[in-house]
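Student: Please read through the structure below; I'll follow up with questions.
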Amino acid sequence: MSLSEFADQVNQKPLKRHKKDEFLKQKVQRKKFKAERKLKKLEKQIVKKKSQTQDMIVISEEDDEAETNGRDYTISIALPGSILDNAQSPELRSYLAGQIARACAIYQVDEVVVFNEADSDKKESVEGEFKGVGKKGDGCVQLARILQYLECPQYLRKFFFPKHPDLQYAGLLNPLDSPHHMRIDEDVPFREGVVLDRPTKEGKGSFVNCGAVKNVQIDKKLQSNVRVTVQMLENKEESPKYFRGKAVSPTTPRLKHGLYWGYSVRLAPNLSSVFTQCSIADKYDIMIGTSERGESIDDFYLPSFKHLLIVFGGVKGLEESLSADEDLDEVDDPSCLFHHYLNTCPNQGSRTIRTEEAILITLSALRPKVMQSIAIK
């Protein structure tokens, strides 16, 4: 081989490497584009379900739209219900759900989404009655029910949670002790209550059991046996027969006074439904996925947001949830679904981090970044 031929081969090698890097870069961009196009297509196909009167009350939110000094942002988390299957006994299944509820209350999580990461022939398990607290039962409904039970104030549980196998050990779990879990003699601006089936005079509102010494009569006539948030009003009489109140939106304590008022629970049949069936009108503007394969949170900067979503995987990570979702069959990398894909515990000493541990670690690591983002906004 001549020297000129050898020189030509040497000069061609960097060119080949450059072409390979460009090809890989274009491949990643194509994957992200396909993932975004798939999610947009799914959003158009979702039809909003009609809300039932016995499940929720639509309270006027005119006051909420006014400028306030409260907290106008929300934090949501999503996790698979299959994590309960990793517990060794029915008691530990309940305790695991209690750990998640405590973490949500401590870090003021506003919404918990429980999604199913099982294959398609088991997706009907997110609806209907749960099979029981045994090892073989599906965990999505049980996890959601225990989370709802713990979020509900103690004096209201007898109205909304009849005896059920899912809640067999829920009474032994640590209470959340959130601001909306009131004592009977506390003088507070807001209370959670249940509308009583009690007759009222013409033009008068319903009576509500708010866990106080006396019942509260509100300004609206509402259906009985429905949960409602009540703003307590000043009583003109020294010893009235009942207290006076005003029915408000459940978001009013947060928006007006910055109070943490518990979390809502939503069930999703698969991972894609976590994004497409969002119950928030403005949708999630920042979505974060958690994985040991993500970028380190140490150098992460959180931009300003209004609705933040943090998604956690199960025992096998978000990759397992993605592979079981038929609606995302064109996506092979879970990082394409999120704005940020983070490793919230770099240099971990254990081979694995359990989901309930990951929730505490992630919310703790993100808290100063959330405060910094809110301060800048």
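Here's how to read the names in the structure tokens: chain A, B, ... by the order shown, residue numbers from 1 in each chain, ligand numbers from 1 in the order shown.
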What lies within 9 Å of A:Lys220 using only C-alpha atoms, ignoring chain neighbours under 2 positions off, as a ChimeraX atom specification?

Tutor: /A:203-206,217-218,222,246-247

Student: Take the residues just selected and output them with C-alpha atoms as a PDB file, in the first residue's frame.

Tutor:
ATOM      1  CA  GLY A 203     -84.989  29.658  50.959  1.00  0.00           C
ATOM      2  CA  LYS A 204     -82.557  28.189  53.479  1.00  0.00           C
ATOM      3  CA  GLY A 205     -79.540  26.047  52.686  1.00  0.00           C
ATOM      4  CA  SER A 206     -78.692  22.500  53.711  1.00  0.00           C
ATOM      5  CA  GLN A 217     -76.217  25.556  57.810  1.00  0.00           C
ATOM      6  CA  ILE A 218     -74.759  26.638  54.476  1.00  0.00           C
ATOM      7  CA  LEU A 222     -77.312  20.498  48.082  1.00  0.00           C
ATOM      8  CA  LYS A 246     -70.811  29.014  52.954  1.00  0.00           C
ATOM      9  CA  ALA A 247     -70.192  26.225  50.441  1.00  0.00           C
TER      10      ALA A 247
END

Student: Could you go through stretch 149-349 of chain A and tell me which residues DSSP, when run on the backbone, assigns to strand (DSSP E), listing them as an NGL selection string?

Tutor: :A and (190-195 or 207-209 or 216-217 or 227-232 or 243-248 or 264-268 or 286-296 or 307-311 or 340-343)

Student: Run DSSP on the backbone and grab whatever in stretch 121-260 of chain A lands in helix (DSSP H, G or I); send it over as a PyMOL selection string.

Tutor: chain A and resi 121-126+139-151+154-160+165-167+170-172+252-257

Student: Which residues are close to A:Leu172, i.e. within 12 Å by only C-alpha atoms, leaving aside same-chain residues fewer than 3 positions away? Reply as a list in words.

Tutor: Glu91, Leu92, Ser94, Tyr95, Ala97, Gly98, Ile146, Leu150, Leu167, Gln168, Tyr169 and Pro175 of chain A

Student: Export, as a short mmCIF file (atom, residue, chain, number, x, y, z; two decimals), in the first residue's frame, the selected residues with N, CA and C atoms.

Tutor:
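Output file result_20.cif follows:
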data_model
loop_
_atom_site.label_atom_id
_atom_site.label_comp_id
_atom_site.auth_asym_id
_atom_site.auth_seq_id
_atom_site.Cartn_x
_atom_site.Cartn_y
_atom_site.Cartn_z
N GLU A 91 -51.27 -7.18 55.74
CA GLU A 91 -50.96 -6.06 56.62
C GLU A 91 -49.91 -5.13 56.00
N LEU A 92 -48.90 -5.72 55.36
CA LEU A 92 -47.85 -4.91 54.74
C LEU A 92 -48.35 -4.18 53.51
N SER A 94 -51.31 -2.83 53.25
CA SER A 94 -51.95 -1.63 53.80
C SER A 94 -50.91 -0.64 54.31
N TYR A 95 -49.89 -1.13 54.98
CA TYR A 95 -48.86 -0.25 55.51
C TYR A 95 -48.11 0.47 54.40
N ALA A 97 -49.36 1.35 51.49
CA ALA A 97 -50.23 2.44 51.04
C ALA A 97 -50.21 3.60 52.03
N GLY A 98 -50.13 3.27 53.32
CA GLY A 98 -50.06 4.32 54.33
C GLY A 98 -48.79 5.14 54.23
N ILE A 146 -57.43 2.96 49.90
CA ILE A 146 -56.76 3.29 51.15
C ILE A 146 -56.29 4.74 51.15
N LEU A 150 -57.53 7.47 53.98
CA LEU A 150 -56.65 8.22 54.87
C LEU A 150 -56.77 9.72 54.64
N LEU A 167 -60.07 -2.27 53.37
CA LEU A 167 -59.78 -1.39 54.51
C LEU A 167 -59.66 -2.17 55.82
N GLN A 168 -59.39 -3.45 55.72
CA GLN A 168 -59.35 -4.30 56.91
C GLN A 168 -58.31 -3.82 57.93
N TYR A 169 -57.16 -3.34 57.44
CA TYR A 169 -56.10 -2.90 58.33
C TYR A 169 -55.84 -1.39 58.24
N PRO A 175 -52.16 8.30 61.07
CA PRO A 175 -53.02 9.35 60.49
C PRO A 175 -52.20 10.40 59.76
#

Student: What lies within 12 Å of A:Ser304 using only C-alpha atoms, ignoring chain neighbours under 4 positions off, as a count of residues only?

Tutor: 14

Student: List the neighbours of A:Phe207 out to 7 Å using only C-alpha atoms; skip same-chain residues closer than 4 positions along the sequence, and give me the result as a ChimeraX atom specification.

Tutor: /A:195-196,198,215-218

Student: Could you write those residues out with C-alpha atoms, as a PDB file, in the first residue's frame?

Tutor:
ATOM      1  CA  VAL A 195     -74.572  17.225  53.665  1.00  0.00           C
ATOM      2  CA  LEU A 196     -77.242  15.862  56.029  1.00  0.00           C
ATOM      3  CA  ARG A 198     -82.479  17.005  57.078  1.00  0.00           C
ATOM      4  CA  ASN A 215     -74.076  21.346  62.651  1.00  0.00           C
ATOM      5  CA  VAL A 216     -73.532  24.076  60.069  1.00  0.00           C
ATOM      6  CA  GLN A 217     -76.217  25.556  57.810  1.00  0.00           C
ATOM      7  CA  ILE A 218     -74.759  26.638  54.476  1.00  0.00           C
TER       8      ILE A 218
END

Student: Mind giving me the straight-line distance from atom CA of A:Tyr301 to atom CA of A:Ser76 in Å, one decimal?

Tutor: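 These atoms are spaced 18.5 Å apart.
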